[in-house]
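Novice: Below is one structure. I have some questions about it.
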Amino acid sequence: MNELYFYKGLIVGIGMAAPIGPISLLCIRRSLIRGHYAGIATALGVAIADGFYALIAAFGLTALSSFLINQKEYIYCVGGLFLIFLGIKAFKTKPISINQPLKSTSFLLTTLQTMLLTLTNPMTIVSFLAVFATLGLDTMHNNITQATLICLGVFCGSGLWFISLSTLAAHFRSRIKPSFLRHINQFSGVFFILCGLFLIIMSVKRLI
């Protein structure tokens, strides 16, 4: 019955990924502007980060989780700067023609960027710990097989959600006019910058 832990992790992964936020908007924007290829790379980056944090929670790596949580203000500042960078880049991006071939992008680089951005939210560990405890999974680190399966489930659930989001966005890509893409870039840029500034300001206040 160990397979049930995979499905539990799958549900947890989808549930953790579902709330709309900067990462969701990033996935949608990349899928619209750069195509499904970039959207899948984004989904993979998020899934790897979520799987990593789930692994920390599932295997009871308290020393590592405590370190990340204690340093969360500094990590949030890094994430805030990263969001501001992405915001400026998005705002300055020129709209492209839908009939124009997709830009050649590095799948690995896009995945890595998204993974690092997602990892700048160490409180995700706390969320996983709370969910695992609620589901009665807080002692599964005593069983390596169960802990591994639930982490794999979280990875697949998170990836499945964002790949579905990317697929949906890419489906409408051919129907969107370049003028509307310009508005998407501008809105995304402003949203990312505001989110980044919020993270930095809140982190600085806590440090002071």
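Please note that chains go A, B, ... in the order of the structure tokens, that every chain numbers its residues from 1, and that ligands are numbered from 1 in the order shown.
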If you run DSSP over the backbone, which residues in segment 24-198 of chain A end up alpha helix (DSSP H)? Put them as number ranges by chain.

Specialist: A: 24-33, 36-58, 62-70, 72-92, 107-119, 123-134, 144-171, 178-198

Novice: Counting only C-alpha atoms, give me one row per residue of segment 139-205 of chain A with an atom at most 12 Å from an atom of segment 36-49 of chain A, showing the shortest contact pair and its distance in Å to one decimal, sorted by chain then residue number, as a tab-separated table.

Specialist:
```
residue	atom	partner	partner_atom	distance
A:Cys151	CA	A:Ile48	CA	10.1
A:Leu152	CA	A:Ala47	CA	9.7
A:Gly153	CA	A:Ala47	CA	10.1
A:Val154	CA	A:Ala47	CA	7.7
A:Phe155	CA	A:Ala47	CA	4.9
A:Cys156	CA	A:Ala47	CA	7.0
A:Gly157	CA	A:Ala47	CA	7.9
A:Ser158	CA	A:Ala47	CA	5.1
A:Gly159	CA	A:Ala47	CA	4.8
A:Leu160	CA	A:Ala43	CA	7.9
A:Trp161	CA	A:Ala43	CA	8.0
A:Phe162	CA	A:Ala43	CA	4.9
A:Ile163	CA	A:Ala43	CA	5.6
A:Ser164	CA	A:Ala43	CA	9.0
A:Leu165	CA	A:Gly39	CA	8.3
A:Ser166	CA	A:Gly39	CA	5.1
A:Thr167	CA	A:His36	CA	6.4
A:Leu168	CA	A:His36	CA	9.3
A:Ala169	CA	A:His36	CA	8.1
A:Ala170	CA	A:His36	CA	5.5
A:His171	CA	A:His36	CA	8.6
A:Phe172	CA	A:His36	CA	10.8
A:Arg173	CA	A:His36	CA	9.2
A:Ser174	CA	A:His36	CA	11.6
```

Novice: Excluding segment 75-83 of chain A and its own-chain neighbours fewer than 6 positions away, which residues fall within 6 Å of it when counting only C-alpha atoms? Please give them as a PyMOL selection string.

Specialist: chain A and resi 117+120+192+196+199-200

Novice: Quick one, how far is atom CA of Met202 of chain A from atom CA of Ile69 of chain A?

Specialist: 15.1 Å

Novice: What is the distance between atom CA of Asn185 of chain A and atom CA of Leu109 of chain A, in Å to one decimal?

Specialist: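 Calculated distance between atom CA of Asn185 of chain A and atom CA of Leu109 of chain A is 20.3 Å.
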
Novice: Given the choices A:Pro122, A:Gly21, A:Gly87, A:Gly15, which gets closest to Ala57 of chain A if the distance is worked out from only C-alpha atoms?

Specialist: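 Looking at the shortest contact to Ala57 of chain A, the residue is A:Pro122.
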
Novice: Which of these, A:Ser203, A:Ile150, A:Pro19, A:Ile208, has the shortest distance to Glu73 of chain A once you count only C-alpha atoms?

Specialist: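 Closest residue, counting only C-alpha atoms: A:Ser203.
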
Novice: What does the distance from atom CA of Ile23 of chain A to atom CA of Phe132 of chain A come to in Å, to one decimal?

Specialist: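 Result for atom CA of Ile23 of chain A versus atom CA of Phe132 of chain A: 22.9 Å, one decimal.
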
Novice: For Lys92 of chain A, work out the shell of residues within 8 Å, counting only C-alpha atoms and skipping chain neighbours fewer than 3 positions away, then give it as number ranges by chain.

Specialist: A: 88-89, 185-186
